[in-house]
file query-v1.pdb (PDB, C-alpha atoms, pLDDT in the B column)
ATOM      1  CA  MET E  18       0.000   0.000   0.000  1.00 53.00           C
ATOM      2  CA  LYS E  19       2.885   2.415   0.603  1.00 61.00           C
ATOM      3  CA  ILE E  20       3.865   2.148  -3.074  1.00 64.00           C
ATOM      4  CA  ASN E  21       0.407   3.345  -4.115  1.00 66.00           C
ATOM      5  CA  SER E  22       0.674   6.289  -1.734  1.00 65.00           C
ATOM      6  CA  ILE E  23       4.074   7.246  -3.088  1.00 65.00           C
ATOM      7  CA  ILE E  24       2.791   7.005  -6.667  1.00 64.00           C
ATOM      8  CA  PHE E  25      -0.168   9.206  -5.751  1.00 65.00           C
ATOM      9  CA  ILE E  26       2.079  11.873  -4.217  1.00 63.00           C
ATOM     10  CA  LEU E  27       4.476  11.799  -7.153  1.00 62.00           C
ATOM     11  CA  SER E  28       1.629  12.130  -9.625  1.00 62.00           C
ATOM     12  CA  LEU E  29       0.381  15.187  -7.740  1.00 58.00           C
ATOM     13  CA  ALA E  30       3.853  16.686  -7.721  1.00 60.00           C
ATOM     14  CA  ILE E  31       4.248  16.145 -11.449  1.00 54.00           C
ATOM     15  CA  THR E  32       0.818  17.473 -12.425  1.00 54.00           C
ATOM     16  CA  LEU E  33       0.986  20.632 -10.337  1.00 53.00           C
ATOM     17  CA  PRO E  34       3.678  22.941 -11.687  1.00 54.00           C
ATOM     18  CA  ALA E  35       5.610  24.738  -8.969  1.00 50.00           C
ATOM     19  CA  ALA E  36       4.832  28.160 -10.409  1.00 46.00           C
ATOM     20  CA  ALA E  37       1.089  27.545 -10.259  1.00 53.00           C
ATOM     21  CA  MET E  38       1.052  26.096  -6.760  1.00 62.00           C
ATOM     22  CA  ASP E  39      -0.868  28.199  -4.317  1.00 79.00           C
ATOM     23  CA  LYS E  40      -1.712  27.520  -0.687  1.00 84.00           C
ATOM     24  CA  THR E  41      -4.422  25.028  -1.641  1.00 86.00           C
ATOM     25  CA  ALA E  42      -2.116  22.904  -3.798  1.00 83.00           C
ATOM     26  CA  THR E  43       0.753  23.171  -1.328  1.00 82.00           C
ATOM     27  CA  GLY E  44      -1.566  22.060   1.468  1.00 86.00           C
ATOM     28  CA  ALA E  45      -2.784  19.129  -0.620  1.00 85.00           C
ATOM     29  CA  LEU E  46       0.756  17.915  -1.265  1.00 79.00           C
ATOM     30  CA  ALA E  47       1.780  18.336   2.367  1.00 82.00           C
ATOM     31  CA  GLY E  48      -1.375  16.604   3.598  1.00 84.00           C
ATOM     32  CA  ALA E  49      -0.934  13.742   1.141  1.00 83.00           C
ATOM     33  CA  ALA E  50       2.646  13.252   2.260  1.00 81.00           C
ATOM     34  CA  ILE E  51       1.658  13.237   5.937  1.00 81.00           C
ATOM     35  CA  GLY E  52      -1.246  10.886   5.237  1.00 82.00           C
ATOM     36  CA  ALA E  53       1.028   8.529   3.318  1.00 81.00           C
ATOM     37  CA  VAL E  54       3.657   8.453   6.047  1.00 79.00           C
ATOM     38  CA  THR E  55       1.267   8.062   8.989  1.00 81.00           C
ATOM     39  CA  GLY E  56      -1.473   6.022   7.312  1.00 78.00           C
ATOM     40  CA  LYS E  57      -1.713   2.505   6.057  1.00 75.00           C
ATOM     41  CA  SER E  58      -3.569   2.951   2.794  1.00 82.00           C
ATOM     42  CA  VAL E  59      -4.325   5.163  -0.167  1.00 83.00           C
ATOM     43  CA  LYS E  60      -7.415   6.291   1.764  1.00 86.00           C
ATOM     44  CA  SER E  61      -5.109   7.869   4.363  1.00 85.00           C
ATOM     45  CA  THR E  62      -3.194   9.665   1.627  1.00 84.00           C
ATOM     46  CA  VAL E  63      -6.343  10.992  -0.022  1.00 88.00           C
ATOM     47  CA  GLY E  64      -7.806  12.039   3.331  1.00 88.00           C
ATOM     48  CA  GLY E  65      -4.594  13.880   4.145  1.00 88.00           C
ATOM     49  CA  ALA E  66      -4.698  15.624   0.778  1.00 89.00           C
ATOM     50  CA  VAL E  67      -8.279  16.774   1.349  1.00 91.00           C
ATOM     51  CA  VAL E  68      -7.533  18.119   4.830  1.00 91.00           C
ATOM     52  CA  GLY E  69      -4.331  19.791   3.629  1.00 89.00           C
ATOM     53  CA  ALA E  70      -5.967  21.396   0.607  1.00 91.00           C
ATOM     54  CA  GLY E  71      -8.844  22.693   2.689  1.00 91.00           C
ATOM     55  CA  THR E  72      -6.457  24.090   5.281  1.00 90.00           C
ATOM     56  CA  GLY E  73      -4.431  25.807   2.583  1.00 89.00           C
ATOM     57  CA  ALA E  74      -7.577  27.296   1.084  1.00 91.00           C
ATOM     58  CA  MET E  75      -8.713  28.583   4.472  1.00 92.00           C
ATOM     59  CA  LEU E  76      -5.345  30.263   5.044  1.00 89.00           C
ATOM     60  CA  LYS E  77      -5.751  32.438   1.955  1.00 90.00           C
ATOM     61  CA  SER E  78      -6.537  36.089   2.445  1.00 88.00           C
ATOM     62  CA  GLY E  79      -9.308  37.989   0.752  1.00 90.00           C
ATOM     63  CA  ASP E  80     -12.686  36.829  -0.434  1.00 92.00           C
ATOM     64  CA  LYS E  81     -11.552  33.343  -1.466  1.00 90.00           C
ATOM     65  CA  GLY E  82     -10.098  32.667   1.980  1.00 91.00           C
ATOM     66  CA  LYS E  83     -13.240  33.977   3.655  1.00 94.00           C
ATOM     67  CA  ALA E  84     -15.429  31.747   1.486  1.00 94.00           C
ATOM     68  CA  ALA E  85     -13.166  28.771   2.225  1.00 93.00           C
ATOM     69  CA  ARG E  86     -13.373  29.393   5.975  1.00 94.00           C
ATOM     70  CA  LYS E  87     -17.172  29.542   5.824  1.00 95.00           C
ATOM     71  CA  GLY E  88     -17.249  26.346   3.765  1.00 94.00           C
ATOM     72  CA  GLY E  89     -14.825  24.705   6.182  1.00 94.00           C
ATOM     73  CA  ALA E  90     -17.028  25.515   9.161  1.00 94.00           C
ATOM     74  CA  VAL E  91     -20.101  24.045   7.475  1.00 94.00           C
ATOM     75  CA  GLY E  92     -18.104  21.026   6.287  1.00 93.00           C
ATOM     76  CA  ALA E  93     -16.795  20.352   9.787  1.00 94.00           C
ATOM     77  CA  VAL E  94     -20.308  20.238  11.203  1.00 93.00           C
ATOM     78  CA  VAL E  95     -21.585  18.008   8.399  1.00 94.00           C
ATOM     79  CA  GLY E  96     -18.541  15.717   8.603  1.00 93.00           C
ATOM     80  CA  ALA E  97     -18.801  15.352  12.377  1.00 94.00           C
ATOM     81  CA  GLY E  98     -22.525  14.641  12.186  1.00 93.00           C
ATOM     82  CA  THR E  99     -22.095  12.069   9.452  1.00 93.00           C
ATOM     83  CA  ALA E 100     -19.276  10.364  11.334  1.00 93.00           C
ATOM     84  CA  ALA E 101     -21.305  10.244  14.542  1.00 93.00           C
ATOM     85  CA  ALA E 102     -24.314   8.804  12.721  1.00 93.00           C
ATOM     86  CA  THR E 103     -22.238   6.074  11.091  1.00 92.00           C
ATOM     87  CA  GLY E 104     -20.191   5.196  14.184  1.00 92.00           C
ATOM     88  CA  LYS E 105     -16.911   6.587  12.838  1.00 91.00           C
ATOM     89  CA  SER E 106     -14.442   8.969  14.490  1.00 92.00           C
ATOM     90  CA  VAL E 107     -16.171  12.327  14.946  1.00 92.00           C
ATOM     91  CA  LEU E 108     -12.866  14.200  15.033  1.00 91.00           C
ATOM     92  CA  LYS E 109     -11.680  12.601  11.796  1.00 91.00           C
ATOM     93  CA  GLY E 110     -15.058  13.269  10.181  1.00 92.00           C
ATOM     94  CA  ALA E 111     -14.878  16.910  11.203  1.00 93.00           C
ATOM     95  CA  ALA E 112     -11.344  17.260   9.826  1.00 92.00           C
ATOM     96  CA  VAL E 113     -12.161  15.716   6.456  1.00 92.00           C
ATOM     97  CA  GLY E 114     -15.455  17.626   6.302  1.00 93.00           C
ATOM     98  CA  ALA E 115     -13.689  20.902   7.025  1.00 94.00           C
ATOM     99  CA  GLY E 116     -11.100  20.203   4.340  1.00 92.00           C
ATOM    100  CA  ALA E 117     -13.713  19.330   1.752  1.00 93.00           C
ATOM    101  CA  GLY E 118     -15.883  22.280   2.753  1.00 92.00           C
ATOM    102  CA  GLY E 119     -12.923  24.636   2.523  1.00 92.00           C
ATOM    103  CA  MET E 120     -12.118  23.502  -1.001  1.00 91.00           C
ATOM    104  CA  ILE E 121     -15.767  23.740  -2.050  1.00 91.00           C
ATOM    105  CA  GLY E 122     -16.103  27.191  -0.498  1.00 91.00           C
ATOM    106  CA  GLU E 123     -13.044  28.414  -2.352  1.00 89.00           C
ATOM    107  CA  ALA E 124     -14.116  26.844  -5.643  1.00 88.00           C
ATOM    108  CA  THR E 125     -17.660  28.217  -5.545  1.00 87.00           C
ATOM    109  CA  HIS E 126     -16.581  31.765  -4.729  1.00 78.00           C
TER     110      HIS E 126
END

call {"tool": "encode", "arguments": {"input": "query-v1.pdb", "output": "structure tokens"}}
result
Amino acid sequence: MKINSIIFILSLAITLPAAAMDKTATGALAGAAIGAVTGKSVKSTVGGAVVGAGTGAMLKSGDKGKAARKGGAVGAVVGAGTAAATGKSVLKGAAVGAGAGGMIGEATH
């Protein structure tokens, strides 16, 4: 499984040119790397990428950052609620929900 995670990270690094990388992309790469190192599967890598990208989006200034923070707050609530309803980790659900909500908030702005 570690090989798949490494391939995923390398494919992200190759497809995202360094000049075009903003906080969202940088967060996604950092989150994917942390997820790959600490996790046991591709799911951990993808989850790390989502949380990292959302965090990067929320750290932006201006209207996009504000929209990402609002989306992250809504996503955290939805993720925590969904995790609680399905018997999963509420904290992990909130983190992934916030990351996804942050990316959606930024993208829809």

call {"tool": "resolve_selection", "arguments": {"input": "query-v1.pdb", "expression": "the PyMOL selection byres ((chain E and resi 64) around 12)", "output": "PDB file with C-alpha atoms, keeping the file's coordinate frame"}}
result
ATOM      1  CA  SER E  22       0.674   6.289  -1.734  1.00 65.00           C
ATOM      2  CA  GLY E  44      -1.566  22.060   1.468  1.00 86.00           C
ATOM      3  CA  ALA E  45      -2.784  19.129  -0.620  1.00 85.00           C
ATOM      4  CA  LEU E  46       0.756  17.915  -1.265  1.00 79.00           C
ATOM      5  CA  ALA E  47       1.780  18.336   2.367  1.00 82.00           C
ATOM      6  CA  GLY E  48      -1.375  16.604   3.598  1.00 84.00           C
ATOM      7  CA  ALA E  49      -0.934  13.742   1.141  1.00 83.00           C
ATOM      8  CA  ALA E  50       2.646  13.252   2.260  1.00 81.00           C
ATOM      9  CA  ILE E  51       1.658  13.237   5.937  1.00 81.00           C
ATOM     10  CA  GLY E  52      -1.246  10.886   5.237  1.00 82.00           C
ATOM     11  CA  ALA E  53       1.028   8.529   3.318  1.00 81.00           C
ATOM     12  CA  THR E  55       1.267   8.062   8.989  1.00 81.00           C
ATOM     13  CA  GLY E  56      -1.473   6.022   7.312  1.00 78.00           C
ATOM     14  CA  LYS E  57      -1.713   2.505   6.057  1.00 75.00           C
ATOM     15  CA  SER E  58      -3.569   2.951   2.794  1.00 82.00           C
ATOM     16  CA  VAL E  59      -4.325   5.163  -0.167  1.00 83.00           C
ATOM     17  CA  LYS E  60      -7.415   6.291   1.764  1.00 86.00           C
ATOM     18  CA  SER E  61      -5.109   7.869   4.363  1.00 85.00           C
ATOM     19  CA  THR E  62      -3.194   9.665   1.627  1.00 84.00           C
ATOM     20  CA  VAL E  63      -6.343  10.992  -0.022  1.00 88.00           C
ATOM     21  CA  GLY E  65      -4.594  13.880   4.145  1.00 88.00           C
ATOM     22  CA  ALA E  66      -4.698  15.624   0.778  1.00 89.00           C
ATOM     23  CA  VAL E  67      -8.279  16.774   1.349  1.00 91.00           C
ATOM     24  CA  VAL E  68      -7.533  18.119   4.830  1.00 91.00           C
ATOM     25  CA  GLY E  69      -4.331  19.791   3.629  1.00 89.00           C
ATOM     26  CA  ALA E  70      -5.967  21.396   0.607  1.00 91.00           C
ATOM     27  CA  GLY E  71      -8.844  22.693   2.689  1.00 91.00           C
ATOM     28  CA  LYS E 109     -11.680  12.601  11.796  1.00 91.00           C
ATOM     29  CA  GLY E 110     -15.058  13.269  10.181  1.00 92.00           C
ATOM     30  CA  ALA E 111     -14.878  16.910  11.203  1.00 93.00           C
ATOM     31  CA  ALA E 112     -11.344  17.260   9.826  1.00 92.00           C
ATOM     32  CA  VAL E 113     -12.161  15.716   6.456  1.00 92.00           C
ATOM     33  CA  GLY E 114     -15.455  17.626   6.302  1.00 93.00           C
ATOM     34  CA  ALA E 115     -13.689  20.902   7.025  1.00 94.00           C
ATOM     35  CA  GLY E 116     -11.100  20.203   4.340  1.00 92.00           C
ATOM     36  CA  ALA E 117     -13.713  19.330   1.752  1.00 93.00           C
TER      37      ALA E 117
END

call {"tool": "atom_distance", "arguments": {"input": "query-v1.pdb", "atom1": "CA of Ala42 in chain E", "atom2": "CA of Val107 in chain E"}}
result
25.7 Å

call {"tool": "residues_around", "arguments": {"input": "query-v1.pdb", "residues": "His126 in chain E", "least_positions_apart": "4", "cutoff": "10 Å", "atoms": "only C-alpha atoms", "output": "list in words"}}
result
Asp80, Lys81, Gly82, Lys83, Ala84, Ala85, Ile121 and Gly122 of chain E

call {"tool": "residues_around", "arguments": {"input": "query-v1.pdb", "residues": "Arg86 in chain E", "least_positions_apart": "5", "cutoff": "8 Å", "atoms": "all atoms listed in the file", "output": "VMD selection string"}}
result
chain E and resid 74 to 75 119 122

call {"tool": "atom_distance", "arguments": {"input": "query-v1.pdb", "atom1": "CA of Ser78 in chain E", "atom2": "CA of Met120 in chain E"}}
result
14.2 Å

call {"tool": "atom_distance", "arguments": {"input": "query-v1.pdb", "atom1": "CA of Thr72 in chain E", "atom2": "CA of Val91 in chain E"}}
result
13.8 Å

call {"tool": "axis_aligned_box", "arguments": {"input": "query-v1.pdb", "around": "range 72-87 of chain E", "padding_each_side": "4 Å", "output": "lines of an AutoDock Vina configuration file"}}
result
center_x = -10.8
center_y = 31.0
center_z = 2.3
size_x = 20.7
size_y = 21.9
size_z = 15.4

call {"tool": "closest_residue", "arguments": {"input": "query-v1.pdb", "among": "E:Leu108, E:Asp39, E:Gly118, E:Thr125", "to": "Gly89 in chain E", "atoms": "all atoms listed in the file"}}
result
E:Gly118

call {"tool": "build_atoms", "arguments": {"input": "query-v1.pdb", "residues": "range 46-82 of chain E", "atoms": "N, CA and C atoms", "output": "CSV table (one decimal), in the frame of the given file"}}
result
chain,number,residue,atom,x,y,z
E,46,LEU,N,-0.5,18.7,-1.2
E,46,LEU,CA,0.8,17.9,-1.3
E,46,LEU,C,1.3,17.6,0.1
E,47,ALA,N,1.3,18.6,1.0
E,47,ALA,CA,1.8,18.3,2.4
E,47,ALA,C,0.9,17.3,3.1
E,48,GLY,N,-0.4,17.5,3.0
E,48,GLY,CA,-1.4,16.6,3.6
E,48,GLY,C,-1.3,15.2,3.1
E,49,ALA,N,-1.1,15.1,1.7
E,49,ALA,CA,-0.9,13.7,1.1
E,49,ALA,C,0.3,13.1,1.6
E,50,ALA,N,1.4,13.8,1.8
E,50,ALA,CA,2.6,13.3,2.3
E,50,ALA,C,2.5,12.8,3.7
E,51,ILE,N,1.9,13.6,4.5
E,51,ILE,CA,1.7,13.2,5.9
E,51,ILE,C,0.7,12.0,6.0
E,52,GLY,N,-0.3,12.0,5.2
E,52,GLY,CA,-1.2,10.9,5.2
E,52,GLY,C,-0.6,9.6,4.8
E,53,ALA,N,0.3,9.7,3.8
E,53,ALA,CA,1.0,8.5,3.3
E,53,ALA,C,2.0,8.0,4.4
E,54,VAL,N,2.7,8.9,5.1
E,54,VAL,CA,3.7,8.5,6.0
E,54,VAL,C,3.0,7.9,7.3
E,55,THR,N,1.9,8.5,7.7
E,55,THR,CA,1.3,8.1,9.0
E,55,THR,C,0.2,7.0,8.8
E,56,GLY,N,-0.4,6.9,7.6
E,56,GLY,CA,-1.5,6.0,7.3
E,56,GLY,C,-1.0,4.7,6.8
E,57,LYS,N,-2.0,3.9,6.5
E,57,LYS,CA,-1.7,2.5,6.1
E,57,LYS,C,-2.3,2.2,4.7
E,58,SER,N,-2.9,3.2,4.1
E,58,SER,CA,-3.6,3.0,2.8
E,58,SER,C,-3.6,4.2,1.9
E,59,VAL,N,-4.1,4.0,0.7
E,59,VAL,CA,-4.3,5.2,-0.2
E,59,VAL,C,-5.4,6.1,0.4
E,60,LYS,N,-6.4,5.5,1.1
E,60,LYS,CA,-7.4,6.3,1.8
E,60,LYS,C,-6.8,7.3,2.7
E,61,SER,N,-5.8,6.9,3.5
E,61,SER,CA,-5.1,7.9,4.4
E,61,SER,C,-4.4,9.0,3.6
E,62,THR,N,-3.9,8.7,2.5
E,62,THR,CA,-3.2,9.7,1.6
E,62,THR,C,-4.2,10.6,1.1
E,63,VAL,N,-5.3,10.1,0.6
E,63,VAL,CA,-6.3,11.0,0.0
E,63,VAL,C,-7.0,11.9,1.1
E,64,GLY,N,-7.3,11.3,2.2
E,64,GLY,CA,-7.8,12.0,3.3
E,64,GLY,C,-6.9,13.2,3.8
E,65,GLY,N,-5.6,12.9,3.8
E,65,GLY,CA,-4.6,13.9,4.1
E,65,GLY,C,-4.6,15.0,3.1
E,66,ALA,N,-4.7,14.6,1.8
E,66,ALA,CA,-4.7,15.6,0.8
E,66,ALA,C,-5.9,16.5,0.9
E,67,VAL,N,-7.1,16.0,1.2
E,67,VAL,CA,-8.3,16.8,1.3
E,67,VAL,C,-8.1,17.8,2.5
E,68,VAL,N,-7.7,17.2,3.7
E,68,VAL,CA,-7.5,18.1,4.8
E,68,VAL,C,-6.5,19.2,4.6
E,69,GLY,N,-5.4,18.8,3.9
E,69,GLY,CA,-4.3,19.8,3.6
E,69,GLY,C,-4.8,20.9,2.6
E,70,ALA,N,-5.5,20.4,1.6
E,70,ALA,CA,-6.0,21.4,0.6
E,70,ALA,C,-7.0,22.4,1.2
E,71,GLY,N,-7.9,21.8,2.0
E,71,GLY,CA,-8.8,22.7,2.7
E,71,GLY,C,-8.2,23.7,3.6
E,72,THR,N,-7.2,23.2,4.4
E,72,THR,CA,-6.5,24.1,5.3
E,72,THR,C,-5.7,25.2,4.5
E,73,GLY,N,-5.1,24.8,3.4
E,73,GLY,CA,-4.4,25.8,2.6
E,73,GLY,C,-5.4,26.8,2.0
E,74,ALA,N,-6.6,26.4,1.6
E,74,ALA,CA,-7.6,27.3,1.1
E,74,ALA,C,-8.1,28.3,2.2
E,75,MET,N,-8.2,27.7,3.4
E,75,MET,CA,-8.7,28.6,4.5
E,75,MET,C,-7.7,29.6,4.9
E,76,LEU,N,-6.4,29.3,4.7
E,76,LEU,CA,-5.3,30.3,5.0
E,76,LEU,C,-5.2,31.4,4.1
E,77,LYS,N,-5.8,31.4,2.9
E,77,LYS,CA,-5.8,32.4,2.0
E,77,LYS,C,-6.4,33.7,2.5
E,78,SER,N,-5.9,34.8,2.0
E,78,SER,CA,-6.5,36.1,2.4
E,78,SER,C,-7.6,36.5,1.4
E,79,GLY,N,-8.3,37.5,1.7
E,79,GLY,CA,-9.3,38.0,0.8
E,79,GLY,C,-10.6,37.2,0.7
E,80,ASP,N,-11.4,37.4,-0.3
E,80,ASP,CA,-12.7,36.8,-0.4
E,80,ASP,C,-12.6,35.3,-0.6
E,81,LYS,N,-11.6,34.8,-1.3
E,81,LYS,CA,-11.6,33.3,-1.5
E,81,LYS,C,-11.3,32.7,-0.1
E,82,GLY,N,-10.4,33.2,0.7
E,82,GLY,CA,-10.1,32.7,2.0
E,82,GLY,C,-11.3,32.7,2.9
